[in-house]
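Here is my_file_19.txt, consisting of compact mmCIF, C-alpha atoms:
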# COMPACT_ATOMS: atom_id res chain seq x y z
CA MET A 29 -14.27 0.58 16.58
CA LEU A 30 -10.95 0.46 18.44
CA ASN A 31 -8.18 -1.70 17.05
CA SER A 32 -6.76 -3.71 19.94
CA ASP A 33 -3.46 -4.22 18.08
CA ASN A 34 -2.69 -0.50 18.36
CA LEU A 35 -3.32 -0.53 22.12
CA LYS A 36 -0.61 -3.09 22.87
CA GLN A 37 2.37 -2.04 24.96
CA LYS A 38 5.45 -1.20 22.92
CA SER A 39 8.65 -3.06 23.61
CA PRO A 40 11.44 -1.09 25.30
CA GLN A 41 13.42 -1.13 22.06
CA GLN A 42 10.53 0.35 20.07
CA ARG A 43 9.92 2.97 22.74
CA PHE A 44 13.62 3.91 22.79
CA LEU A 45 13.73 4.23 19.00
CA LEU A 46 10.61 6.40 19.05
CA ILE A 47 12.13 8.72 21.66
CA LEU A 48 15.43 8.82 19.76
CA GLY A 49 13.61 9.65 16.52
CA VAL A 50 11.69 12.51 18.14
CA ALA A 51 14.89 13.80 19.74
CA MET A 52 16.63 13.81 16.35
CA ILE A 53 13.74 15.75 14.79
CA ILE A 54 14.02 18.37 17.53
CA LEU A 55 17.80 18.47 17.09
CA PHE A 56 17.57 19.02 13.32
CA CYS A 57 15.03 21.82 13.74
CA THR A 58 17.14 23.44 16.47
CA ILE A 59 20.28 23.36 14.32
CA ALA A 60 18.32 24.86 11.42
CA VAL A 61 17.10 27.76 13.58
CA ILE A 62 20.57 28.38 15.01
CA VAL A 63 22.25 28.39 11.59
CA VAL A 64 19.64 30.63 9.96
CA PHE A 65 18.99 33.17 12.70
CA PHE A 66 22.15 33.10 14.82
CA GLY A 67 24.82 32.43 12.17
CA ASP A 68 26.54 35.75 12.82
CA LYS A 69 26.61 35.21 16.57
CA ILE A 70 28.27 31.79 16.28
CA HIS A 71 30.93 33.32 14.02
CA LEU A 72 30.18 31.61 10.73
CA ASP A 73 32.41 33.16 8.09
CA PRO A 74 30.17 35.24 5.79
CA GLN A 75 32.62 34.76 2.90
CA LYS A 76 32.46 30.96 3.05
CA PHE A 77 28.89 30.58 4.28
CA PRO A 78 26.77 33.55 3.14
CA GLN A 79 23.21 34.22 4.35
CA GLU A 80 21.62 32.60 1.27
CA TYR A 81 23.47 29.34 1.90
CA ARG A 82 22.57 29.40 5.59
CA VAL A 83 18.88 29.79 4.76
CA ALA A 84 19.07 27.01 2.15
CA PHE A 85 20.82 24.71 4.63
CA GLY A 86 18.18 25.49 7.26
CA ILE A 87 15.37 24.70 4.82
CA VAL A 88 17.01 21.39 3.91
CA LEU A 89 17.30 20.47 7.60
CA VAL A 90 13.64 21.32 8.27
CA ILE A 91 12.51 19.29 5.24
CA TYR A 92 14.60 16.34 6.40
CA ALA A 93 13.10 16.61 9.89
CA ALA A 94 9.60 16.63 8.35
CA ILE A 95 10.41 13.50 6.33
CA ARG A 96 11.62 11.76 9.49
CA PHE A 97 8.50 12.91 11.36
CA PHE A 98 6.15 11.45 8.76
CA ARG A 99 8.19 8.25 8.67
CA ILE A 100 7.79 7.88 12.44
CA LEU A 101 4.05 8.49 12.15
CA ARG A 102 3.74 5.89 9.42
CA ASP A 103 5.76 3.29 11.33
CA ASN A 104 3.79 3.78 14.54
CA ARG A 105 0.45 3.52 12.77
CA THR A 106 1.25 0.11 11.25
CA GLU A 107 2.50 -1.43 14.49

Would you mind giving the structure from this file in structure tokens?
Amino acid sequence: MLNSDNLKQKSPQQRFLLILGVAMIILFCTIAVIVVFFGDKIHLDPQKFPQEYRVAFGIVLVIYAAIRFFRILRDNRTE
């Protein structure tokens, strides 16, 4: 019923890497929101970085964060 291998204590290194991975996911999503919604307030030049590019960059960051999230889930399930 319960797999005892999944209940083992993680090493400090594994725990640190898990926390770092989650922090990076949060960071990528935060940067995406800031660039998309607050690009004018942080003085991004609209000539060099128009709204369409900001939205595309935000979508790429969110997709990358999702890929990292599913990678962390997969790695934690096998250990």

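Near stretch 63-75 of chain A, within a cut-off of 12 Å and counting only C-alpha atoms, sit the residues Phe56, Cys57, Thr58, Ile59, Ala60, Pro78, Gln79, Glu80, Tyr81, Arg82, Val83, Ala84, Phe85, Gly86, Ile87, Val88, Leu89 and Val90 of chain A, with same-chain residues fewer than 3 positions away left out.
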
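Between atom CA of A:Gln41 and atom CA of A:Arg99 lies a distance of 17.2 Å.
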
Checklist entry - atom CA of A:Phe98 and atom CA of A:Ile54 are how many Å apart? => result 13.7 Å

Item to check | A:Ile100 surroundings by only C-alpha atoms, 8 Å radius, close-in-sequence under 4 positions cut, as a list in words | outcome: Leu46, Gly49, Arg96 and Asn104 of chain A

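One finds atom CA of A:Pro40 at 24.6 Å from atom CA of A:Ala94.
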
Take stretch 68-87 of chain A from the block and save it with N, CA, C and O atoms, as a compact mmCIF listing (two decimals), in the first residue's frame.
# COMPACT_ATOMS: atom_id res chain seq x y z
N ASP A 68 5.61 48.91 -18.51
CA ASP A 68 5.65 50.37 -18.65
C ASP A 68 6.17 51.03 -17.38
O ASP A 68 6.87 52.05 -17.44
N LYS A 69 5.84 50.47 -16.24
CA LYS A 69 6.25 51.07 -14.96
C LYS A 69 7.73 50.87 -14.66
O LYS A 69 8.31 51.62 -13.88
N ILE A 70 8.34 49.84 -15.25
CA ILE A 70 9.77 49.62 -15.02
C ILE A 70 10.59 50.21 -16.18
O ILE A 70 11.76 49.92 -16.33
N HIS A 71 9.94 51.02 -16.99
CA HIS A 71 10.57 51.81 -18.04
C HIS A 71 11.25 50.96 -19.10
O HIS A 71 12.39 51.23 -19.50
N LEU A 72 10.54 49.93 -19.59
CA LEU A 72 11.04 49.20 -20.75
C LEU A 72 10.71 50.03 -21.99
O LEU A 72 9.60 50.52 -22.14
N ASP A 73 11.67 50.19 -22.85
CA ASP A 73 11.49 51.02 -24.04
C ASP A 73 10.48 50.36 -24.98
O ASP A 73 10.71 49.25 -25.47
N PRO A 74 9.34 51.02 -25.25
CA PRO A 74 8.33 50.41 -26.11
C PRO A 74 8.79 50.26 -27.57
O PRO A 74 8.23 49.46 -28.30
N GLN A 75 9.79 51.01 -27.98
CA GLN A 75 10.31 50.86 -29.35
C GLN A 75 11.14 49.58 -29.48
O GLN A 75 11.07 48.89 -30.48
N LYS A 76 11.92 49.28 -28.46
CA LYS A 76 12.79 48.10 -28.51
C LYS A 76 12.11 46.84 -28.00
O LYS A 76 12.48 45.74 -28.40
N PHE A 77 11.15 47.01 -27.13
CA PHE A 77 10.51 45.86 -26.48
C PHE A 77 8.99 46.11 -26.43
O PHE A 77 8.44 46.41 -25.38
N PRO A 78 8.31 45.99 -27.59
CA PRO A 78 6.87 46.29 -27.61
C PRO A 78 6.04 45.29 -26.80
O PRO A 78 6.54 44.24 -26.37
N GLN A 79 4.78 45.61 -26.61
CA GLN A 79 3.88 44.80 -25.78
C GLN A 79 3.80 43.35 -26.28
O GLN A 79 3.77 42.43 -25.47
N GLU A 80 3.77 43.14 -27.58
CA GLU A 80 3.68 41.77 -28.11
C GLU A 80 4.89 40.94 -27.71
O GLU A 80 4.76 39.76 -27.38
N TYR A 81 6.06 41.53 -27.75
CA TYR A 81 7.28 40.82 -27.35
C TYR A 81 7.30 40.55 -25.85
O TYR A 81 7.79 39.51 -25.41
N ARG A 82 6.81 41.51 -25.08
CA ARG A 82 6.75 41.30 -23.62
C ARG A 82 5.84 40.14 -23.28
O ARG A 82 6.16 39.31 -22.42
N VAL A 83 4.68 40.06 -23.94
CA VAL A 83 3.75 38.96 -23.68
C VAL A 83 4.37 37.63 -24.11
O VAL A 83 4.29 36.63 -23.39
N ALA A 84 5.02 37.61 -25.27
CA ALA A 84 5.66 36.38 -25.75
C ALA A 84 6.77 35.94 -24.78
O ALA A 84 6.89 34.74 -24.47
N PHE A 85 7.56 36.89 -24.30
CA PHE A 85 8.63 36.57 -23.35
C PHE A 85 8.04 36.03 -22.05
O PHE A 85 8.56 35.06 -21.48
N GLY A 86 6.95 36.62 -21.59
CA GLY A 86 6.29 36.14 -20.38
C GLY A 86 5.76 34.73 -20.55
O GLY A 86 5.89 33.90 -19.64
N ILE A 87 5.18 34.43 -21.71
CA ILE A 87 4.67 33.08 -21.97
C ILE A 87 5.80 32.07 -21.99
O ILE A 87 5.69 30.98 -21.43
